[in-house]
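Pasted below: run.pdb, PDB, C-alpha atoms and all ligand atoms.
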```pdb
ATOM      1  CA  MET T   1     -26.363   2.688  -3.227
ATOM      2  CA  ILE T   2     -24.888  -0.843  -3.172
ATOM      3  CA  GLU T   3     -27.175  -3.350  -1.555
ATOM      4  CA  LEU T   4     -25.493  -5.866   0.710
ATOM      5  CA  ASN T   5     -27.641  -8.627   2.100
ATOM      6  CA  LEU T   6     -26.915 -10.755   5.158
ATOM      7  CA  TYR T   7     -25.246 -13.483   3.098
ATOM      8  CA  GLU T   8     -22.962 -10.935   1.414
ATOM      9  CA  SER T   9     -22.167  -9.320   4.707
ATOM     10  CA  VAL T  10     -21.009 -12.679   6.133
ATOM     11  CA  PHE T  11     -19.254 -13.544   2.878
ATOM     12  CA  ALA T  12     -17.454 -10.197   3.001
ATOM     13  CA  LYS T  13     -15.431 -11.529   5.897
ATOM     14  CA  MET T  14     -14.171 -14.394   3.792
ATOM     15  CA  LYS T  15     -10.934 -14.279   1.874
ATOM     16  CA  ASN T  16     -12.290 -14.481  -1.661
ATOM     17  CA  PHE T  17     -15.015 -11.913  -1.334
ATOM     18  CA  LEU T  18     -15.625 -10.090  -4.601
ATOM     19  CA  CYS T  19     -16.972  -6.578  -4.869
ATOM     20  CA  PRO T  20     -20.763  -6.797  -5.295
ATOM     21  CA  ALA T  21     -20.550  -3.898  -7.752
ATOM     22  CA  GLN T  22     -18.219  -5.753 -10.153
ATOM     23  CA  LYS T  23     -20.985  -6.069 -12.737
ATOM     24  CA  SER T  24     -21.123  -2.281 -12.985
ATOM     25  CA  LEU T  25     -17.453  -1.997 -13.893
ATOM     26  CA  PRO T  26     -16.069  -2.221 -17.433
ATOM     27  CA  ARG T  27     -15.067  -5.738 -18.461
ATOM     28  CA  ALA T  28     -11.706  -4.745 -19.926
ATOM     29  CA  ARG T  29      -9.237  -4.534 -17.048
ATOM     30  CA  LYS T  30      -7.499  -1.420 -18.391
ATOM     31  CA  SER T  31     -10.775   0.495 -18.650
ATOM     32  CA  ARG T  32     -11.787  -0.860 -15.272
ATOM     33  CA  ALA T  33      -8.529   0.339 -13.696
ATOM     34  CA  ALA T  34      -8.913   3.749 -15.346
ATOM     35  CA  LEU T  35     -12.407   4.173 -13.938
ATOM     36  CA  VAL T  36     -11.370   3.049 -10.456
ATOM     37  CA  ALA T  37      -8.335   5.359 -10.583
ATOM     38  CA  GLU T  38     -10.507   8.294 -11.641
ATOM     39  CA  GLU T  39     -12.952   7.753  -8.777
ATOM     40  CA  LEU T  40     -10.181   7.197  -6.243
ATOM     41  CA  GLU T  41      -8.555  10.452  -7.310
ATOM     42  CA  ALA T  42     -11.856  12.265  -6.829
ATOM     43  CA  LEU T  43     -12.183  10.715  -3.355
ATOM     44  CA  TYR T  44      -8.582  11.256  -2.273
ATOM     45  CA  PRO T  45      -7.093  14.015  -4.434
ATOM     46  CA  ALA T  46      -4.044  14.557  -2.247
ATOM     47  CA  ALA T  47      -3.381  11.044  -0.961
ATOM     48  CA  GLU T  48       0.209  10.626   0.137
ATOM     49  CA  CYS T  49       2.254   8.140   2.067
ATOM     50  CA  ALA T  50       0.837   7.828   5.597
ATOM     51  CA  LEU T  51       4.324   7.455   7.086
ATOM     52  CA  SER T  52       5.670  10.786   8.387
ATOM     53  CA  PHE T  53       9.153  10.550   6.945
ATOM     54  CA  GLU T  54       9.708  14.308   6.556
ATOM     55  CA  GLY T  55      11.186  13.954   3.101
ATOM     56  CA  ASP T  56      14.134  11.941   4.421
ATOM     57  CA  PRO T  57      14.822   8.787   2.339
ATOM     58  CA  PHE T  58      16.595   7.045   5.236
ATOM     59  CA  ARG T  59      13.616   7.624   7.525
ATOM     60  CA  LEU T  60      11.203   6.235   4.974
ATOM     61  CA  LEU T  61      13.369   3.168   4.479
ATOM     62  CA  ILE T  62      13.423   2.458   8.222
ATOM     63  CA  MET T  63       9.760   3.305   8.731
ATOM     64  CA  ALA T  64       8.716   1.087   5.847
ATOM     65  CA  ARG T  65      10.614  -1.791   7.460
ATOM     66  CA  LEU T  66       8.882  -1.088  10.768
ATOM     67  CA  SER T  67       5.462  -1.078   9.116
ATOM     68  CA  ALA T  68       5.353  -4.836   8.456
ATOM     69  CA  GLN T  69       2.437  -6.201  10.487
ATOM     70  CA  CYS T  70       2.095  -2.860  12.244
ATOM     71  CA  THR T  71      -0.162   0.173  11.735
ATOM     72  CA  ASP T  72       1.224   3.354  10.187
ATOM     73  CA  LYS T  73       0.008   5.260  13.232
ATOM     74  CA  ARG T  74       2.117   3.101  15.537
ATOM     75  CA  VAL T  75       5.135   3.365  13.209
ATOM     76  CA  ASN T  76       4.862   7.164  13.249
ATOM     77  CA  GLN T  77       4.772   7.189  17.068
ATOM     78  CA  VAL T  78       7.632   4.743  17.501
ATOM     79  CA  SER T  79       9.782   6.457  14.880
ATOM     80  CA  GLU T  80       9.586   9.770  16.649
ATOM     81  CA  HIS T  81      11.422   8.258  19.640
ATOM     82  CA  LEU T  82      13.757   6.112  17.543
ATOM     83  CA  PHE T  83      14.946   9.062  15.430
ATOM     84  CA  ALA T  84      15.173  11.346  18.467
ATOM     85  CA  ALA T  85      17.749   8.871  19.843
ATOM     86  CA  PHE T  86      19.440   8.057  16.506
ATOM     87  CA  PRO T  87      18.708  10.921  14.105
ATOM     88  CA  ASP T  88      20.575   9.781  10.990
ATOM     89  CA  VAL T  89      22.128   6.802   9.274
ATOM     90  CA  TYR T  90      25.511   7.337  10.969
ATOM     91  CA  ALA T  91      23.988   7.373  14.475
ATOM     92  CA  MET T  92      21.792   4.389  13.653
ATOM     93  CA  ALA T  93      24.741   2.388  12.302
ATOM     94  CA  LYS T  94      26.484   2.731  15.674
ATOM     95  CA  ALA T  95      23.407   2.173  17.835
ATOM     96  CA  PRO T  96      23.424  -0.753  20.279
ATOM     97  CA  LEU T  97      21.045  -3.421  18.971
ATOM     98  CA  SER T  98      19.316  -3.648  22.361
ATOM     99  CA  GLU T  99      18.478   0.068  22.260
ATOM    100  CA  ILE T 100      16.939  -0.142  18.798
ATOM    101  CA  GLU T 101      14.931  -3.138  20.028
ATOM    102  CA  ALA T 102      13.725  -1.223  23.072
ATOM    103  CA  HIS T 103      12.505   1.673  20.912
ATOM    104  CA  ILE T 104      10.617  -0.455  18.405
ATOM    105  CA  ARG T 105       9.331  -3.249  20.674
ATOM    106  CA  SER T 106       5.670  -2.234  20.264
ATOM    107  CA  CYS T 107       5.870  -2.592  16.462
ATOM    108  CA  GLY T 108       5.976  -6.393  16.586
ATOM    109  CA  LEU T 109       8.682  -8.665  15.132
ATOM    110  CA  TYR T 110      10.984  -6.205  16.837
ATOM    111  CA  GLN T 111      14.068  -8.399  17.104
ATOM    112  CA  MET T 112      14.237  -9.115  13.365
ATOM    113  CA  LYS T 113      13.334  -5.528  12.492
ATOM    114  CA  ALA T 114      16.017  -4.132  14.822
ATOM    115  CA  LYS T 115      18.632  -6.458  13.336
ATOM    116  CA  ASN T 116      17.630  -5.400   9.799
ATOM    117  CA  ILE T 117      17.683  -1.702  10.721
ATOM    118  CA  LEU T 118      21.153  -1.923  12.253
ATOM    119  CA  GLU T 119      22.661  -3.993   9.421
ATOM    120  CA  CYS T 120      20.974  -1.895   6.763
ATOM    121  CA  SER T 121      22.338   1.329   8.314
ATOM    122  CA  GLN T 122      25.845  -0.144   8.492
ATOM    123  CA  ILE T 123      25.708  -1.174   4.822
ATOM    124  CA  LEU T 124      24.495   2.287   3.791
ATOM    125  CA  VAL T 125      27.403   3.888   5.650
ATOM    126  CA  GLU T 126      30.031   1.408   4.417
ATOM    127  CA  GLN T 127      28.918   0.961   0.809
ATOM    128  CA  TYR T 128      26.720   3.922  -0.157
ATOM    129  CA  ASP T 129      28.324   6.905   1.551
ATOM    130  CA  GLY T 130      25.409   7.078   3.990
ATOM    131  CA  LYS T 131      22.837   7.498   1.214
ATOM    132  CA  VAL T 132      19.888   5.339   0.215
ATOM    133  CA  PRO T 133      20.508   3.997  -3.304
ATOM    134  CA  ALA T 134      17.996   4.932  -6.016
ATOM    135  CA  ASP T 135      18.439   1.629  -7.795
ATOM    136  CA  LYS T 136      15.938  -1.203  -7.330
ATOM    137  CA  LYS T 137      18.508  -3.980  -7.373
ATOM    138  CA  ALA T 138      20.619  -2.193  -4.749
ATOM    139  CA  LEU T 139      17.556  -1.514  -2.606
ATOM    140  CA  LEU T 140      16.527  -5.167  -2.774
ATOM    141  CA  SER T 141      19.966  -6.239  -1.576
ATOM    142  CA  LEU T 142      19.515  -4.382   1.733
ATOM    143  CA  PRO T 143      18.461  -6.429   4.796
ATOM    144  CA  GLY T 144      14.685  -6.452   5.277
ATOM    145  CA  VAL T 145      13.963  -4.718   1.976
ATOM    146  CA  GLY T 146      11.580  -6.518  -0.371
ATOM    147  CA  GLU T 147       9.764  -5.395  -3.486
ATOM    148  CA  LYS T 148       7.094  -3.509  -1.536
ATOM    149  CA  ILE T 149       9.628  -1.284   0.242
ATOM    150  CA  ALA T 150      11.827  -0.890  -2.844
ATOM    151  CA  ASN T 151       8.861   0.219  -4.955
ATOM    152  CA  LEU T 152       7.684   2.595  -2.245
ATOM    153  CA  MET T 153      11.152   4.176  -2.090
ATOM    154  CA  LEU T 154      11.417   4.505  -5.860
ATOM    155  CA  GLY T 155       8.026   6.164  -6.154
ATOM    156  CA  ASP T 156       7.981   8.396  -3.084
ATOM    157  CA  VAL T 157      11.609   9.439  -2.894
ATOM    158  CA  PHE T 158      13.163   8.996  -6.299
ATOM    159  CA  GLY T 159      10.307  10.117  -8.562
ATOM    160  CA  ASP T 160       9.969   6.751 -10.297
ATOM    161  CA  PRO T 161       6.341   5.653  -9.697
ATOM    162  CA  HIS T 162       5.786   1.986  -8.939
ATOM    163  CA  ILE T 163       3.029  -0.304  -7.726
ATOM    164  CA  VAL T 164       3.261  -0.944  -3.984
ATOM    165  CA  ALA T 165       1.393  -4.156  -3.253
ATOM    166  CA  ASP T 166       0.576  -3.863   0.425
ATOM    167  CA  THR T 167      -2.276  -5.679   2.120
ATOM    168  CA  HIS T 168      -4.897  -3.070   1.104
ATOM    169  CA  CYS T 169      -3.739  -3.035  -2.498
ATOM    170  CA  ILE T 170      -3.796  -6.838  -2.765
ATOM    171  CA  ARG T 171      -7.228  -7.149  -1.179
ATOM    172  CA  ILE T 172      -8.921  -4.375  -3.167
ATOM    173  CA  ALA T 173      -7.295  -5.225  -6.498
ATOM    174  CA  ASN T 174      -8.713  -8.737  -6.097
ATOM    175  CA  ARG T 175     -12.135  -7.568  -4.977
ATOM    176  CA  LEU T 176     -12.441  -5.228  -7.942
ATOM    177  CA  GLY T 177     -11.148  -7.768 -10.454
ATOM    178  CA  LEU T 178      -7.956  -5.830 -11.224
ATOM    179  CA  ALA T 179      -5.812  -8.763 -10.088
ATOM    180  CA  ALA T 180      -6.457 -12.416  -9.390
ATOM    181  CA  SER T 181      -3.762 -13.452  -6.960
ATOM    182  CA  GLU T 182      -2.809 -13.055  -3.319
ATOM    183  CA  ASN T 183       0.849 -13.112  -4.332
ATOM    184  CA  PRO T 184       2.301  -9.567  -4.053
ATOM    185  CA  SER T 185       4.578  -9.933  -7.106
ATOM    186  CA  GLN T 186       1.691 -11.154  -9.232
ATOM    187  CA  VAL T 187      -0.447  -8.232  -8.093
ATOM    188  CA  VAL T 188       2.381  -5.843  -8.977
ATOM    189  CA  LYS T 189       2.599  -7.375 -12.464
ATOM    190  CA  SER T 190      -1.169  -7.238 -12.981
ATOM    191  CA  LEU T 191      -1.462  -3.609 -11.901
ATOM    192  CA  GLU T 192       1.668  -2.498 -13.750
ATOM    193  CA  ALA T 193       0.012  -3.700 -16.941
ATOM    194  CA  ILE T 194      -3.160  -1.634 -16.473
ATOM    195  CA  VAL T 195      -2.282   1.439 -14.389
ATOM    196  CA  PRO T 196      -0.314   4.118 -16.262
ATOM    197  CA  LYS T 197       3.269   4.320 -14.993
ATOM    198  CA  ALA T 198       3.029   7.964 -13.905
ATOM    199  CA  GLU T 199      -0.005   7.218 -11.728
ATOM    200  CA  GLN T 200       1.142   4.019 -10.044
ATOM    201  CA  SER T 201       2.406   5.433  -6.729
ATOM    202  CA  SER T 202      -0.543   7.762  -6.171
ATOM    203  CA  PHE T 203      -2.990   5.019  -7.205
ATOM    204  CA  CYS T 204      -1.542   2.812  -4.456
ATOM    205  CA  HIS T 205      -1.602   5.552  -1.813
ATOM    206  CA  ARG T 206      -5.260   6.179  -2.615
ATOM    207  CA  ILE T 207      -6.059   2.490  -2.391
ATOM    208  CA  VAL T 208      -4.529   2.415   1.104
ATOM    209  CA  TRP T 209      -6.798   5.236   2.294
ATOM    210  CA  PHE T 210      -9.795   3.645   0.608
ATOM    211  CA  GLY T 211      -8.959   0.297   2.218
ATOM    212  CA  ARG T 212      -8.724   1.816   5.653
ATOM    213  CA  GLU T 213     -11.868   3.874   5.478
ATOM    214  CA  ILE T 214     -14.249   2.018   3.158
ATOM    215  CA  CYS T 215     -13.176  -1.266   1.589
ATOM    216  CA  ARG T 216     -11.931  -2.735   4.853
ATOM    217  CA  ALA T 217     -10.722  -6.300   5.210
ATOM    218  CA  GLN T 218     -13.501  -7.085   7.659
ATOM    219  CA  SER T 219     -16.921  -5.551   7.081
ATOM    220  CA  PRO T 220     -16.333  -3.442   3.956
ATOM    221  CA  ARG T 221     -18.794  -0.564   3.795
ATOM    222  CA  CYS T 222     -20.413  -1.702   0.546
ATOM    223  CA  ALA T 223     -23.810  -0.250   1.432
ATOM    224  CA  ASP T 224     -22.444   3.290   1.347
ATOM    225  CA  CYS T 225     -19.344   2.783  -0.792
ATOM    226  CA  PRO T 226     -18.652   6.111  -2.536
ATOM    227  CA  LEU T 227     -16.497   4.533  -5.232
ATOM    228  CA  CYS T 228     -18.875   1.879  -6.483
ATOM    229  CA  GLY T 229     -21.957   3.930  -5.618
ATOM    230  CA  LYS T 230     -20.742   6.662  -7.937
ATOM    231  CA  ILE T 231     -19.857   4.235 -10.699
ATOM    232  CA  GLU T 232     -23.282   2.586 -10.453
ATOM    233  CA  SER T 233     -25.135   5.874 -10.514
ATOM    234  CA  LYS T 234     -23.093   7.057 -13.515
ATOM    235  CA  ASN T 235     -24.047   3.852 -15.344
ATOM    236  CA  HIS T 236     -27.657   4.319 -14.364
ATOM    237  CA  LEU T 237     -27.713   7.903 -15.660
ATOM    238  CA  SER T 238     -26.032   6.944 -18.924
ATOM    239  CA  GLY T 239     -28.339   3.942 -19.315
ATOM    240  CA  ARG T 240     -25.296   1.703 -19.552
ATOM    241  CA  SER T 241     -25.933  -1.890 -18.608
ATOM    242  CA  LYS T 242     -23.174  -4.278 -17.589
ATOM    243  CA  THR T 243     -24.470  -7.614 -16.639
ATOM    244  CA  LYS T 244     -21.701  -9.941 -17.701
ATOM    245  CA  SER T 245     -19.254 -11.132 -15.101
ATOM    246  CA  VAL T 246     -15.562 -10.419 -15.392
ATOM    247  CA  THR T 247     -12.870 -12.881 -16.194
TER     248      THR T 247
HETATM  249  S1  LIG T 301     -16.484  -1.374  -0.223
HETATM  250 FE1  LIG T 301     -16.940  -0.705  -2.319
HETATM  251  S2  LIG T 301     -15.185  -1.397  -3.551
HETATM  252 FE2  LIG T 301     -15.131  -2.516  -1.605
HETATM  253  S3  LIG T 301     -16.191  -4.427  -2.031
HETATM  254 FE3  LIG T 301     -17.693  -3.009  -1.167
HETATM  255  S4  LIG T 301     -18.691  -1.993  -2.928
HETATM  256 FE4  LIG T 301     -16.801  -2.980  -3.650
END
```

For this file, write the structure as structure tokens.
Amino acid sequence: MIELNLYESVFAKMKNFLCPAQKSLPRARKSRAALVAEELEALYPAAECALSFEGDPFRLLIMARLSAQCTDKRVNQVSEHLFAAFPDVYAMAKAPLSEIEAHIRSCGLYQMKAKNILECSQILVEQYDGKVPADKKALLSLPGVGEKIANLMLGDVFGDPHIVADTHCIRIANRLGLAASENPSQVVKSLEAIVPKAEQSSFCHRIVWFGREICRAQSPRCADCPLCGKIESKNHLSGRSKTKSVT
């Protein structure tokens, strides 16, 4: 059981809150990541992408673009209507911009997202034979596609696992001392160095679930955190003592 006093509970709402169980984790970041990954896998053995893209790379690309500053639940709802109207890349490339906007309005930033979706679909049709490219550089050249979306596509569609530094990943990696930056690219670099390549995509999916359910941005459930609670009790049983802070 992790104890969280009133001060920690208030501090938890602040940006630089560190996990109160850090002292129980191994000092070496690679060992620390391995332990966190092991416990996350036990908690979420089958964690997958929360976007319902039905195995269709084009859908995932569009849904990932819609997910900026929007919940996955909302993206799943909105996408159902969007793809009912424009079921594939060819239909989307010919869609009137105003109709795409109308479908995705509730996702926020809808005008920019609609513009990106239309232009991206047109480029896929004109330059890639209607297919989503499996190459990171090509993905990054598409409108609205940054490293987070490109890495998600590579891992979930093209079998090339990558770190996806979304808001949950950035927050939790910092709290647990696996990264020390709010910058997504820096977090990707930090985690790439300590999470085995083959596990990177599933590690990130698990972190998303953990961030939603337990290690939330506001009011993390430290008092009954299964991840750190388990790590602490393991240390207790093995008589291991970790009192030094992590750098
Ligand atoms: S919820 Fe768990 S992992 Fe997150 S800060 Fe609290 S104890 Fe640490």

Looking at all atoms listed in the file, which of T:Leu152, T:Val157, T:Ala223, T:Leu124 is the one that sits closest to Pro20 (chain T)?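 Of T:Leu152, T:Val157, T:Ala223, T:Leu124, the one nearest Pro20 (chain T), counting all atoms listed in the file, is T:Ala223.
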
When the PyMOL selection byres (((chain T and resi 131-136) around 12) and not hetatm) is applied to the structure above, which residues does it catch, written out as a compact mmCIF listing (two decimals) with C-alpha atoms, in the frame of the given file?
```
# COMPACT_ATOMS: atom_id res chain seq x y z
CA ASP T 56 14.13 11.94 4.42
CA PRO T 57 14.82 8.79 2.34
CA PHE T 58 16.60 7.04 5.24
CA ARG T 59 13.62 7.62 7.52
CA LEU T 60 11.20 6.24 4.97
CA LEU T 61 13.37 3.17 4.48
CA ILE T 62 13.42 2.46 8.22
CA ASP T 88 20.58 9.78 10.99
CA VAL T 89 22.13 6.80 9.27
CA TYR T 90 25.51 7.34 10.97
CA CYS T 120 20.97 -1.90 6.76
CA SER T 121 22.34 1.33 8.31
CA GLN T 122 25.84 -0.14 8.49
CA ILE T 123 25.71 -1.17 4.82
CA LEU T 124 24.50 2.29 3.79
CA VAL T 125 27.40 3.89 5.65
CA GLU T 126 30.03 1.41 4.42
CA GLN T 127 28.92 0.96 0.81
CA TYR T 128 26.72 3.92 -0.16
CA ASP T 129 28.32 6.90 1.55
CA GLY T 130 25.41 7.08 3.99
CA LYS T 137 18.51 -3.98 -7.37
CA ALA T 138 20.62 -2.19 -4.75
CA LEU T 139 17.56 -1.51 -2.61
CA LEU T 140 16.53 -5.17 -2.77
CA SER T 141 19.97 -6.24 -1.58
CA LEU T 142 19.52 -4.38 1.73
CA VAL T 145 13.96 -4.72 1.98
CA GLY T 146 11.58 -6.52 -0.37
CA GLU T 147 9.76 -5.40 -3.49
CA LYS T 148 7.09 -3.51 -1.54
CA ILE T 149 9.63 -1.28 0.24
CA ALA T 150 11.83 -0.89 -2.84
CA ASN T 151 8.86 0.22 -4.96
CA LEU T 152 7.68 2.60 -2.24
CA MET T 153 11.15 4.18 -2.09
CA LEU T 154 11.42 4.50 -5.86
CA GLY T 155 8.03 6.16 -6.15
CA ASP T 156 7.98 8.40 -3.08
CA VAL T 157 11.61 9.44 -2.89
CA PHE T 158 13.16 9.00 -6.30
CA GLY T 159 10.31 10.12 -8.56
CA ASP T 160 9.97 6.75 -10.30
CA HIS T 162 5.79 1.99 -8.94
```

Taking only C-alpha atoms and all ligand atoms into account, which of T:Gln218, T:Ser190, T:Ser52, T:Gln69 comes nearest ligand LIG 301 (chain T)? T:Gln218

Give as a list in words the residues that the PyMOL selection byres (((not hetatm)) within 7 of (chain T and resi 301)) matches when applied to the coordinates above. Ile2, Leu18, Cys19, Pro20, Ala21, Ile172, Arg175, Leu176, Ile214, Cys215, Arg216, Pro220, Arg221, Cys222, Ala223, Cys225, Leu227 and Cys228 of chain T

Matched chain/residue IDs from the PyMOL selection byres (((chain T and resi 186) around 12) and not hetatm), as a PyMOL selection string: chain T and resi 147+163-165+169-170+173-174+178-185+187-193

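Take CA of Ala91 (chain T) and CA of Cys70 (chain T): the distance between them is 24.3 Å.
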
Spatial neighbours of Pro96 (chain T), max dist 12 Å, only C-alpha atoms, sep filter under 3 positions, as a PyMOL selection string: chain T and resi 85-86+91-93+99-103+114-115+117-119

Between CA of Ile104 (chain T) and CA of Phe83 (chain T), what distance in Å does the model show, to one decimal?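 About the pair CA of Ile104 (chain T) and CA of Phe83 (chain T): they are 10.9 Å apart.
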
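Interatomic distance, CA of Gly177 (chain T) against CA of Asp72 (chain T): 26.5 Å.
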
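Among the candidate residues T:Ile231, T:Ile194, T:Leu51, T:Gln200, the one lying nearest to Ala28 (chain T) is T:Ile194, with distances computed using all atoms listed in the file.
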